[in-house]
file final30.csv (CSV, C-alpha atoms)
chain,number,residue,atom,x,y,z
A,42,MET,CA,22.5,-20.2,-4.1
A,43,THR,CA,21.9,-22.2,-7.2
A,44,ASP,CA,22.1,-20.8,-10.8
A,45,GLU,CA,18.6,-21.9,-11.3
A,46,HIS,CA,17.4,-19.9,-8.3
A,47,THR,CA,19.3,-16.8,-9.5
A,48,ALA,CA,17.8,-17.1,-12.9
A,49,HIS,CA,14.3,-17.4,-11.4
A,50,VAL,CA,14.9,-14.2,-9.4
A,51,ASP,CA,16.2,-12.4,-12.5
A,52,THR,CA,12.9,-13.4,-14.3
A,53,GLN,CA,11.0,-11.9,-11.4
A,54,VAL,CA,13.0,-8.7,-11.5
A,55,ARG,CA,12.2,-8.3,-15.2
A,56,ALA,CA,8.5,-8.6,-14.3
A,57,TYR,CA,8.9,-6.0,-11.5
A,58,MET,CA,10.4,-3.6,-14.1
A,59,VAL,CA,7.4,-4.0,-16.4
A,60,VAL,CA,5.0,-3.6,-13.5
A,61,PHE,CA,6.8,-0.5,-12.3
A,62,VAL,CA,6.7,1.2,-15.7
A,63,SER,CA,3.0,0.3,-16.0
A,64,LEU,CA,2.2,1.8,-12.6
A,65,LEU,CA,3.9,5.0,-13.5
A,66,ALA,CA,2.1,5.2,-16.8
A,67,LEU,CA,-1.3,4.4,-15.2
A,68,THR,CA,-0.7,7.2,-12.6
A,69,VAL,CA,-0.1,9.7,-15.4
A,70,ILE,CA,-3.2,8.5,-17.2
A,71,THR,CA,-5.3,8.8,-14.1
A,72,VAL,CA,-4.3,12.4,-13.6
A,73,ALA,CA,-4.7,13.2,-17.3
A,74,ILE,CA,-8.2,11.8,-17.4
A,75,ALA,CA,-9.1,13.7,-14.2
A,76,LYS,CA,-8.2,16.9,-16.0
A,77,LEU,CA,-10.9,16.2,-18.6
A,78,HIS,CA,-13.5,16.8,-15.9
A,79,LEU,CA,-15.8,13.9,-16.9
A,80,PRO,CA,-19.3,13.6,-15.6
A,81,VAL,CA,-19.4,12.4,-11.9
A,82,ALA,CA,-20.4,8.7,-12.5
A,83,LEU,CA,-18.0,8.2,-15.4
A,84,GLY,CA,-15.2,10.1,-13.6
A,85,ILE,CA,-15.6,7.9,-10.5
A,86,SER,CA,-15.7,4.7,-12.5
A,87,VAL,CA,-12.6,5.5,-14.6
A,88,ALA,CA,-10.5,6.7,-11.6
A,89,LEU,CA,-11.4,3.7,-9.4
A,90,GLY,CA,-11.1,1.3,-12.3
A,91,ILE,CA,-7.5,2.4,-13.0
A,92,ALA,CA,-6.8,2.3,-9.2
A,93,ALA,CA,-8.1,-1.3,-9.1
A,94,VAL,CA,-5.8,-2.3,-12.0
A,95,LYS,CA,-2.8,-0.6,-10.2
A,96,GLY,CA,-3.6,-2.2,-6.9
A,97,SER,CA,-3.9,-5.7,-8.5
A,98,LEU,CA,-0.6,-5.3,-10.2
A,99,VAL,CA,1.1,-4.4,-6.9
A,100,ALA,CA,-0.6,-7.3,-5.1
A,101,LEU,CA,0.0,-9.9,-7.8
A,102,TYR,CA,3.6,-9.1,-8.7
A,103,PHE,CA,5.3,-7.1,-5.9
A,104,MET,CA,3.4,-9.1,-3.2
A,105,HIS,CA,3.8,-12.3,-5.1
A,106,LEU,CA,0.2,-13.2,-4.9
A,107,ILE,CA,0.4,-14.7,-8.4
A,108,SER,CA,2.4,-17.6,-7.0
A,109,GLU,CA,1.0,-17.7,-3.5
A,110,ARG,CA,-0.5,-20.7,-1.7
A,111,LYS,CA,-4.2,-21.5,-1.4
A,112,LEU,CA,-4.3,-20.7,2.4
A,113,ILE,CA,-3.4,-17.1,1.7
A,114,PHE,CA,-6.1,-16.8,-1.0
A,115,LEU,CA,-8.6,-18.3,1.5
A,116,VAL,CA,-7.7,-15.5,4.0
A,117,LEU,CA,-8.0,-12.9,1.2
A,118,ILE,CA,-11.4,-14.2,-0.1
A,119,PHE,CA,-12.9,-13.7,3.4
A,120,THR,CA,-11.3,-10.3,3.6
A,121,VAL,CA,-12.7,-9.3,0.2
A,122,ILE,CA,-16.2,-10.5,1.1
A,123,PHE,CA,-16.2,-8.5,4.4
A,124,PHE,CA,-14.6,-5.5,2.8
A,125,PHE,CA,-17.3,-5.2,0.1
A,126,GLY,CA,-19.9,-6.0,2.7
A,127,CYS,CA,-18.6,-3.0,4.7
A,128,LEU,CA,-18.7,-0.8,1.6
A,129,LEU,CA,-22.2,-1.8,0.8
A,130,LEU,CA,-23.6,-0.9,4.2
A,131,PRO,CA,-24.0,2.8,3.3
A,132,SER,CA,-26.0,1.8,0.2
A,133,PHE,CA,-28.5,0.0,2.4
A,134,ASN,CA,-28.8,3.2,4.4
A,135,GLN,CA,-29.6,5.1,1.1
A,136,LEU,CA,-32.3,2.5,0.2
A,137,ASP,CA,-33.9,3.0,3.6
A,138,ALA,CA,-33.9,6.7,3.0
A,139,VAL,CA,-35.9,6.2,-0.3
A,140,ARG,CA,-38.8,4.6,1.7
A,141,VAL,CA,-39.2,7.6,4.0
A,142,PRO,CA,-41.9,9.9,2.7
B,35,MET,CA,3.2,-24.7,30.1
B,36,SER,CA,2.7,-23.2,26.6
B,37,GLU,CA,5.3,-23.7,24.0
B,38,ALA,CA,6.7,-20.7,22.0
B,39,ILE,CA,5.8,-20.6,18.3
B,40,PRO,CA,9.1,-21.3,16.6
B,41,TYR,CA,10.5,-18.6,14.3
B,42,THR,CA,11.1,-20.7,11.3
B,43,VAL,CA,11.2,-19.8,7.6
B,44,GLU,CA,10.3,-23.4,6.7
B,45,ALA,CA,6.9,-23.9,5.2
B,46,ARG,CA,4.6,-25.8,7.5
B,47,PRO,CA,3.6,-29.2,6.0
B,48,ASP,CA,-0.1,-28.6,6.8
B,49,THR,CA,-0.5,-25.1,5.4
B,50,GLY,CA,2.3,-24.9,2.8
B,51,VAL,CA,3.4,-21.5,4.1
B,52,ASN,CA,5.6,-20.4,7.0
B,53,ASN,CA,4.3,-18.9,10.2
B,54,VAL,CA,5.6,-15.4,9.4
B,55,LYS,CA,3.8,-15.2,6.1
B,56,ILE,CA,0.4,-16.4,7.4
B,57,GLY,CA,0.9,-13.9,10.3
B,58,ILE,CA,1.5,-10.9,8.1
B,59,TRP,CA,-1.3,-11.8,5.7
B,60,LEU,CA,-3.8,-12.1,8.7
B,61,PHE,CA,-2.5,-8.7,9.9
B,62,LEU,CA,-3.0,-7.2,6.5
B,63,ALA,CA,-6.5,-8.6,6.4
B,64,SER,CA,-7.3,-6.7,9.6
B,65,GLU,CA,-5.8,-3.6,8.1
B,66,VAL,CA,-8.0,-3.9,5.0
B,67,MET,CA,-11.0,-3.9,7.4
B,68,LEU,CA,-9.7,-0.8,9.2
B,69,PHE,CA,-9.3,1.2,6.0
B,70,GLY,CA,-12.5,-0.5,4.7
B,71,ALA,CA,-14.5,1.0,7.5
B,72,LEU,CA,-13.1,4.4,6.8
B,73,PHE,CA,-13.8,4.1,3.1
B,74,ALA,CA,-17.4,3.1,4.0
B,75,SER,CA,-17.7,6.2,6.2
B,76,TYR,CA,-16.5,8.3,3.2
B,77,ILE,CA,-19.2,6.7,1.0
B,78,LEU,CA,-21.9,7.2,3.7
B,79,LEU,CA,-21.0,10.8,4.3
B,80,ARG,CA,-20.6,11.7,0.6
B,81,LEU,CA,-24.0,10.1,-0.3
B,82,GLY,CA,-25.6,11.9,2.5
B,83,ALA,CA,-24.2,15.3,1.7
B,84,ASP,CA,-26.1,17.9,-0.3
B,85,SER,CA,-23.0,18.9,-2.2
B,86,TRP,CA,-19.5,17.6,-2.3
B,87,PRO,CA,-16.4,19.6,-3.5
B,88,ALA,CA,-14.3,18.3,-6.4
B,89,GLY,CA,-11.0,17.0,-4.9
B,90,TRP,CA,-8.8,19.0,-7.3
B,91,ASN,CA,-10.4,22.3,-6.2
B,92,GLU,CA,-9.6,21.6,-2.5
B,93,LEU,CA,-6.3,19.7,-2.6
B,94,ASN,CA,-2.9,20.0,-4.3
B,95,VAL,CA,-3.0,17.4,-7.1
B,96,ASN,CA,0.6,18.0,-7.9
B,97,LEU,CA,1.8,17.2,-4.4
B,98,GLY,CA,-0.6,14.2,-4.2
B,99,GLY,CA,0.6,12.9,-7.6
B,100,ALA,CA,4.2,13.3,-6.6
B,101,ASN,CA,3.5,11.3,-3.4
B,102,THR,CA,1.9,8.6,-5.6
B,103,LEU,CA,5.0,8.3,-7.7
B,104,ILE,CA,7.2,8.3,-4.6
B,105,LEU,CA,5.3,5.4,-3.1
B,106,ILE,CA,5.3,3.4,-6.3
B,107,ALA,CA,9.1,4.0,-6.6
B,108,SER,CA,9.5,2.9,-3.0
B,109,SER,CA,7.5,-0.3,-3.7
B,110,MET,CA,9.9,-1.0,-6.5
B,111,SER,CA,13.0,-0.4,-4.4
B,112,ILE,CA,11.9,-2.6,-1.5
B,113,VAL,CA,11.1,-5.5,-3.8
B,114,MET,CA,14.5,-5.0,-5.4
B,115,SER,CA,16.1,-5.0,-1.9
B,116,TRP,CA,14.4,-8.4,-1.3
B,117,ALA,CA,15.5,-9.7,-4.7
B,118,SER,CA,19.1,-8.6,-4.0
B,119,LEU,CA,19.1,-10.7,-0.8
B,120,GLU,CA,17.7,-13.7,-2.7
B,121,LYS,CA,20.7,-13.3,-5.1
B,122,ASN,CA,23.1,-13.0,-2.2
B,123,GLN,CA,24.0,-9.4,-2.9
B,124,PRO,CA,23.9,-7.7,0.5
B,125,ARG,CA,25.6,-4.5,-0.7
B,126,ARG,CA,22.8,-4.0,-3.3
B,127,TYR,CA,20.3,-4.7,-0.6
B,128,ARG,CA,21.6,-1.8,1.5
B,129,ILE,CA,21.4,0.5,-1.5
B,130,TYR,CA,17.8,-0.4,-2.4
B,131,MET,CA,16.7,-0.3,1.3
B,132,THR,CA,18.4,3.1,1.8
B,133,ILE,CA,16.4,4.4,-1.3
B,134,THR,CA,13.2,2.9,0.2
B,135,VAL,CA,13.8,4.6,3.6
B,136,LEU,CA,14.5,7.9,1.9
B,137,LEU,CA,11.4,7.7,-0.3
B,138,GLY,CA,9.3,7.0,2.8
B,139,ILE,CA,10.8,10.1,4.5
B,140,PHE,CA,10.2,12.2,1.3
B,141,PHE,CA,6.6,11.1,1.3
B,142,LEU,CA,6.1,12.3,4.9
B,143,ILE,CA,7.9,15.6,4.2
B,144,ASN,CA,5.7,16.2,1.2
B,145,LYS,CA,2.6,15.3,3.3
B,146,GLY,CA,3.8,17.8,5.9
B,147,PHE,CA,4.0,20.6,3.3
B,148,GLU,CA,0.5,19.7,2.2
B,149,TYR,CA,-0.9,19.8,5.7
B,150,HIS,CA,1.0,23.1,6.3
B,151,GLU,CA,-0.6,24.6,3.2
B,152,HIS,CA,-4.1,23.7,4.4
B,153,ILE,CA,-3.5,24.8,8.0
B,154,VAL,CA,-2.3,28.2,6.8
B,155,GLU,CA,-5.5,28.6,4.8
B,156,HIS,CA,-7.6,27.5,7.9
B,157,GLN,CA,-8.7,24.3,6.2
B,158,LEU,CA,-8.9,22.1,9.3
B,159,PRO,CA,-10.8,18.9,10.1
B,160,SER,CA,-13.5,21.1,11.6
B,161,THR,CA,-13.9,23.1,8.3
B,162,SER,CA,-16.0,20.6,6.5
B,163,THR,CA,-16.9,16.9,6.2
B,164,PHE,CA,-14.5,16.7,3.2
B,165,PHE,CA,-11.6,17.9,5.2
B,166,ALA,CA,-12.5,15.8,8.3
B,167,LEU,CA,-12.3,12.7,6.0
B,168,TYR,CA,-9.2,14.0,4.3
B,169,TYR,CA,-7.2,14.4,7.5
B,170,THR,CA,-8.5,11.1,9.0
B,171,LEU,CA,-7.7,9.0,5.9
B,172,THR,CA,-4.4,10.6,5.0
B,173,GLY,CA,-3.3,10.9,8.7
B,174,LEU,CA,-3.9,7.2,9.4
B,175,HIS,CA,-2.1,6.4,6.1
B,176,ALA,CA,0.8,8.7,7.0
B,177,LEU,CA,1.1,6.9,10.4
B,178,HIS,CA,1.4,3.6,8.5
B,179,VAL,CA,4.1,5.1,6.3
B,180,ALA,CA,6.0,6.4,9.4
B,181,CYS,CA,5.8,3.0,11.1
B,182,GLY,CA,6.9,1.2,7.9
B,183,THR,CA,9.8,3.6,7.4
B,184,LEU,CA,10.9,2.9,11.0
B,185,VAL,CA,10.8,-0.9,10.4
B,186,ASN,CA,12.7,-0.5,7.1
B,187,LEU,CA,15.3,1.7,8.9
B,188,TYR,CA,15.7,-1.0,11.5
B,189,LEU,CA,16.3,-3.6,8.8
B,190,LEU,CA,18.8,-1.3,7.1
B,191,LEU,CA,20.9,-0.6,10.2
B,192,PRO,CA,20.8,-2.6,13.5
B,193,GLY,CA,18.7,-5.4,12.1
B,194,PHE,CA,21.1,-6.1,9.2
B,195,LYS,CA,23.4,-7.9,11.7
B,196,MET,CA,21.1,-10.9,11.3
B,197,TRP,CA,22.1,-11.4,7.6
B,198,LYS,CA,25.5,-12.9,8.7
B,199,ARG,CA,24.0,-15.1,11.4
B,200,SER,CA,20.9,-16.3,9.5
B,201,PRO,CA,20.5,-15.1,5.9
B,202,GLU,CA,17.2,-17.0,5.3
B,203,GLN,CA,15.5,-15.5,8.3
B,204,PHE,CA,16.7,-12.0,7.5
B,205,THR,CA,15.5,-12.4,3.9
B,206,ASN,CA,12.2,-13.5,5.3
B,207,ARG,CA,12.0,-10.4,7.5
B,208,VAL,CA,12.7,-8.1,4.6
B,209,GLU,CA,10.0,-9.9,2.5
B,210,THR,CA,7.5,-9.5,5.4
B,211,ALA,CA,8.3,-5.8,5.8
B,212,GLY,CA,7.9,-5.5,2.0
B,213,LEU,CA,4.4,-7.0,2.1
B,214,PHE,CA,3.4,-4.3,4.7
B,215,TRP,CA,5.0,-1.6,2.6
B,216,HIS,CA,3.2,-2.7,-0.6
B,217,PHE,CA,-0.1,-2.7,1.3
B,218,VAL,CA,0.6,0.9,2.3
B,219,ASP,CA,1.2,1.7,-1.3
B,220,ILE,CA,-2.1,0.0,-2.4
B,221,VAL,CA,-4.0,2.1,0.2
B,222,TRP,CA,-2.5,5.3,-1.3
B,223,ILE,CA,-3.2,4.1,-4.8
B,224,PHE,CA,-6.9,4.2,-3.9
B,225,LEU,CA,-6.7,7.3,-1.6
B,226,PHE,CA,-5.2,9.5,-4.2
B,227,PRO,CA,-8.1,9.3,-6.8
B,228,VAL,CA,-10.8,9.2,-4.1
B,229,LEU,CA,-9.6,12.3,-2.4
B,230,TYR,CA,-7.8,14.3,-5.0
B,231,LEU,CA,-9.3,13.4,-8.4
B,232,LEU,CA,-13.0,12.5,-8.0
B,233,PRO,CA,-15.5,15.1,-9.3
call {"tool": "encode", "arguments": {"input": "final30.csv", "output": "structure tokens"}}
result
Amino acid sequence: MTDEHTAHVDTQVRAYMVVFVSLLALTVITVAIAKLHLPVALGISVALGIAAVKGSLVALYFMHLISERKLIFLVLIFTVIFFFGCLLLPSFNQLDAVRVP
Amino acid sequence: MSEAIPYTVEARPDTGVNNVKIGIWLFLASEVMLFGALFASYILLRLGADSWPAGWNELNVNLGGANTLILIASSMSIVMSWASLEKNQPRRYRIYMTITVLLGIFFLINKGFEYHEHIVEHQLPSTSTFFALYYTLTGLHALHVACGTLVNLYLLLPGFKMWKRSPEQFTNRVETAGLFWHFVDIVWIFLFPVLYLLP
């Protein structure tokens, strides 16, 4: 265990602290905004937008994606493409429904 | 005669990552698709419904919010348990891992209270599409929390013996369990607003 390695881990721990506090703050903000009872489209966009930021923080820092190898990103790029493809399928169903008289 | 894949924490020269890490990320990719299919079902059923209840009218936002904070805290504690091993501090590791296990159990107890509340009020999966989705999504997620907690408990108690024999491999195991646990946290980060907070 070198001093350099310990110092590197300490730097990471400081980043974890900042991320942790940010996640707590964003959770409080999400609930507070929900209590404003915004219009449906705006409410969904804001809630999911904040969730996306929180999820990214966890993935980048806690899961170390920020310093991960290309191969892992390659796996994730395919996953993201298929994931959003999966989410878009119901929208195609809606488009079909519009054509039905 | 097939050769067993070696359990090594050394990065492979061709991929730059070790076998364990590529394995857990591929597993998590399949998990993303599992939950992705369920989120797609949510979108399909919600778009096709004539009306949809606001989450805060049907569910207990305070309990859901408390569970969000619990999982975020557990994500922090498990990453700190890994950092403790990296700094050769096994005692601190055990403290942080104990906190992680306890938070996982608190989450499940909290979820149990929530389910109990709904069952008493006859809000069952058969009550409405909203509740069918609620029980399916949160039930599958709770199953993941339970499995993750069992793995973390193993790494805290019997699995900890490996630390003396092979600290690098044990640290690698904790990091891998942590990746799964963070994934479970991310799923809840999306489930909470989708089910509890959307109008």
call {"tool": "interface_residues", "arguments": {"input": "final30.csv", "of": "chain B", "to": "chain A", "cutoff": "9 Å", "atoms": "all atoms listed in the file", "output": "PDB file with C-alpha atoms, keeping the file's coordinate frame"}}
result
ATOM      1  CA  THR B  49      -0.500 -25.100   5.400  1.00  0.00           C
ATOM      2  CA  GLY B  50       2.300 -24.900   2.800  1.00  0.00           C
ATOM      3  CA  VAL B  51       3.400 -21.500   4.100  1.00  0.00           C
ATOM      4  CA  LYS B  55       3.800 -15.200   6.100  1.00  0.00           C
ATOM      5  CA  ILE B  56       0.400 -16.400   7.400  1.00  0.00           C
ATOM      6  CA  TRP B  59      -1.300 -11.800   5.700  1.00  0.00           C
ATOM      7  CA  LEU B  60      -3.800 -12.100   8.700  1.00  0.00           C
ATOM      8  CA  ALA B  63      -6.500  -8.600   6.400  1.00  0.00           C
ATOM      9  CA  SER B  64      -7.300  -6.700   9.600  1.00  0.00           C
ATOM     10  CA  VAL B  66      -8.000  -3.900   5.000  1.00  0.00           C
ATOM     11  CA  MET B  67     -11.000  -3.900   7.400  1.00  0.00           C
ATOM     12  CA  GLY B  70     -12.500  -0.500   4.700  1.00  0.00           C
ATOM     13  CA  ALA B  71     -14.500   1.000   7.500  1.00  0.00           C
ATOM     14  CA  PHE B  73     -13.800   4.100   3.100  1.00  0.00           C
ATOM     15  CA  ALA B  74     -17.400   3.100   4.000  1.00  0.00           C
ATOM     16  CA  SER B  75     -17.700   6.200   6.200  1.00  0.00           C
ATOM     17  CA  ILE B  77     -19.200   6.700   1.000  1.00  0.00           C
ATOM     18  CA  LEU B  78     -21.900   7.200   3.700  1.00  0.00           C
ATOM     19  CA  LEU B  79     -21.000  10.800   4.300  1.00  0.00           C
ATOM     20  CA  LEU B  81     -24.000  10.100  -0.300  1.00  0.00           C
ATOM     21  CA  GLY B  82     -25.600  11.900   2.500  1.00  0.00           C
ATOM     22  CA  TRP B  90      -8.800  19.000  -7.300  1.00  0.00           C
ATOM     23  CA  VAL B  95      -3.000  17.400  -7.100  1.00  0.00           C
ATOM     24  CA  GLY B  99       0.600  12.900  -7.600  1.00  0.00           C
ATOM     25  CA  THR B 102       1.900   8.600  -5.600  1.00  0.00           C
ATOM     26  CA  LEU B 103       5.000   8.300  -7.700  1.00  0.00           C
ATOM     27  CA  ILE B 106       5.300   3.400  -6.300  1.00  0.00           C
ATOM     28  CA  ALA B 107       9.100   4.000  -6.600  1.00  0.00           C
ATOM     29  CA  SER B 109       7.500  -0.300  -3.700  1.00  0.00           C
ATOM     30  CA  MET B 110       9.900  -1.000  -6.500  1.00  0.00           C
ATOM     31  CA  VAL B 113      11.100  -5.500  -3.800  1.00  0.00           C
ATOM     32  CA  MET B 114      14.500  -5.000  -5.400  1.00  0.00           C
ATOM     33  CA  ALA B 117      15.500  -9.700  -4.700  1.00  0.00           C
ATOM     34  CA  SER B 118      19.100  -8.600  -4.000  1.00  0.00           C
ATOM     35  CA  GLU B 120      17.700 -13.700  -2.700  1.00  0.00           C
ATOM     36  CA  LYS B 121      20.700 -13.300  -5.100  1.00  0.00           C
ATOM     37  CA  ASN B 122      23.100 -13.000  -2.200  1.00  0.00           C
ATOM     38  CA  GLU B 209      10.000  -9.900   2.500  1.00  0.00           C
ATOM     39  CA  GLY B 212       7.900  -5.500   2.000  1.00  0.00           C
ATOM     40  CA  LEU B 213       4.400  -7.000   2.100  1.00  0.00           C
ATOM     41  CA  HIS B 216       3.200  -2.700  -0.600  1.00  0.00           C
ATOM     42  CA  PHE B 217      -0.100  -2.700   1.300  1.00  0.00           C
ATOM     43  CA  ASP B 219       1.200   1.700  -1.300  1.00  0.00           C
ATOM     44  CA  ILE B 220      -2.100   0.000  -2.400  1.00  0.00           C
ATOM     45  CA  VAL B 221      -4.000   2.100   0.200  1.00  0.00           C
ATOM     46  CA  ILE B 223      -3.200   4.100  -4.800  1.00  0.00           C
ATOM     47  CA  PHE B 224      -6.900   4.200  -3.900  1.00  0.00           C
ATOM     48  CA  PHE B 226      -5.200   9.500  -4.200  1.00  0.00           C
ATOM     49  CA  PRO B 227      -8.100   9.300  -6.800  1.00  0.00           C
ATOM     50  CA  VAL B 228     -10.800   9.200  -4.100  1.00  0.00           C
ATOM     51  CA  LEU B 231      -9.300  13.400  -8.400  1.00  0.00           C
ATOM     52  CA  LEU B 232     -13.000  12.500  -8.000  1.00  0.00           C
ATOM     53  CA  PRO B 233     -15.500  15.100  -9.300  1.00  0.00           C
TER      54      PRO B 233
END
call {"tool": "atom_distance", "arguments": {"input": "final30.csv", "atom1": "CA of Leu158 (chain B)", "atom2": "CA of Asp84 (chain B)"}}
result
20.1 Å
call {"tool": "atom_distance", "arguments": {"input": "final30.csv", "atom1": "CA of Gln203 (chain B)", "atom2": "CA of Ala45 (chain B)"}}
result
12.4 Å
call {"tool": "atom_distance", "arguments": {"input": "final30.csv", "atom1": "CA of Ala100 (chain B)", "atom2": "CA of Leu191 (chain B)"}}
result
27.5 Å
call {"tool": "residues_around", "arguments": {"input": "final30.csv", "residues": "Thr132 (chain B)", "least_positions_apart": "6", "cutoff": "9 Å", "atoms": "all atoms listed in the file", "output": "PDB file with C-alpha atoms, in the frame of the given file"}}
result
ATOM      1  CA  SER B 111      13.000  -0.400  -4.400  1.00  0.00           C
ATOM      2  CA  ASN B 186      12.700  -0.500   7.100  1.00  0.00           C
ATOM      3  CA  LEU B 187      15.300   1.700   8.900  1.00  0.00           C
ATOM      4  CA  LEU B 190      18.800  -1.300   7.100  1.00  0.00           C
TER       5      LEU B 190
END
call {"tool": "closest_atom_pairs", "arguments": {"input": "final30.csv", "of": "region 103-180 of chain B", "to": "region 197-200 of chain B", "cutoff": "12 Å", "atoms": "all atoms listed in the file", "output": "JSON lines"}}
result
{"residue": "B:Leu119", "atom": "CA", "partner": "B:Trp197", "partner_atom": "CA", "distance": 8.9}
{"residue": "B:Glu120", "atom": "CA", "partner": "B:Trp197", "partner_atom": "CA", "distance": 11.4}
{"residue": "B:Asn122", "atom": "CA", "partner": "B:Trp197", "partner_atom": "CA", "distance": 10.0}
{"residue": "B:Gln123", "atom": "CA", "partner": "B:Trp197", "partner_atom": "CA", "distance": 10.9}
{"residue": "B:Pro124", "atom": "CA", "partner": "B:Trp197", "partner_atom": "CA", "distance": 8.2}
{"residue": "B:Arg125", "atom": "CA", "partner": "B:Trp197", "partner_atom": "CA", "distance": 11.3}
{"residue": "B:Tyr127", "atom": "CA", "partner": "B:Trp197", "partner_atom": "CA", "distance": 10.7}
{"residue": "B:Arg128", "atom": "CA", "partner": "B:Trp197", "partner_atom": "CA", "distance": 11.4}
call {"tool": "residues_around", "arguments": {"input": "final30.csv", "residues": "Val54 (chain B)", "least_positions_apart": "6", "cutoff": "12 Å", "atoms": "all atoms listed in the file", "output": "list in words"}}
result
Ile113 of chain A; Ile39, Pro40, Tyr41, Thr42, Val43, Glu44, Ala45, Arg46, Leu60, Phe61, Gln203, Phe204, Thr205, Asn206, Arg207, Val208, Glu209, Thr210, Ala211 and Leu213 of chain B
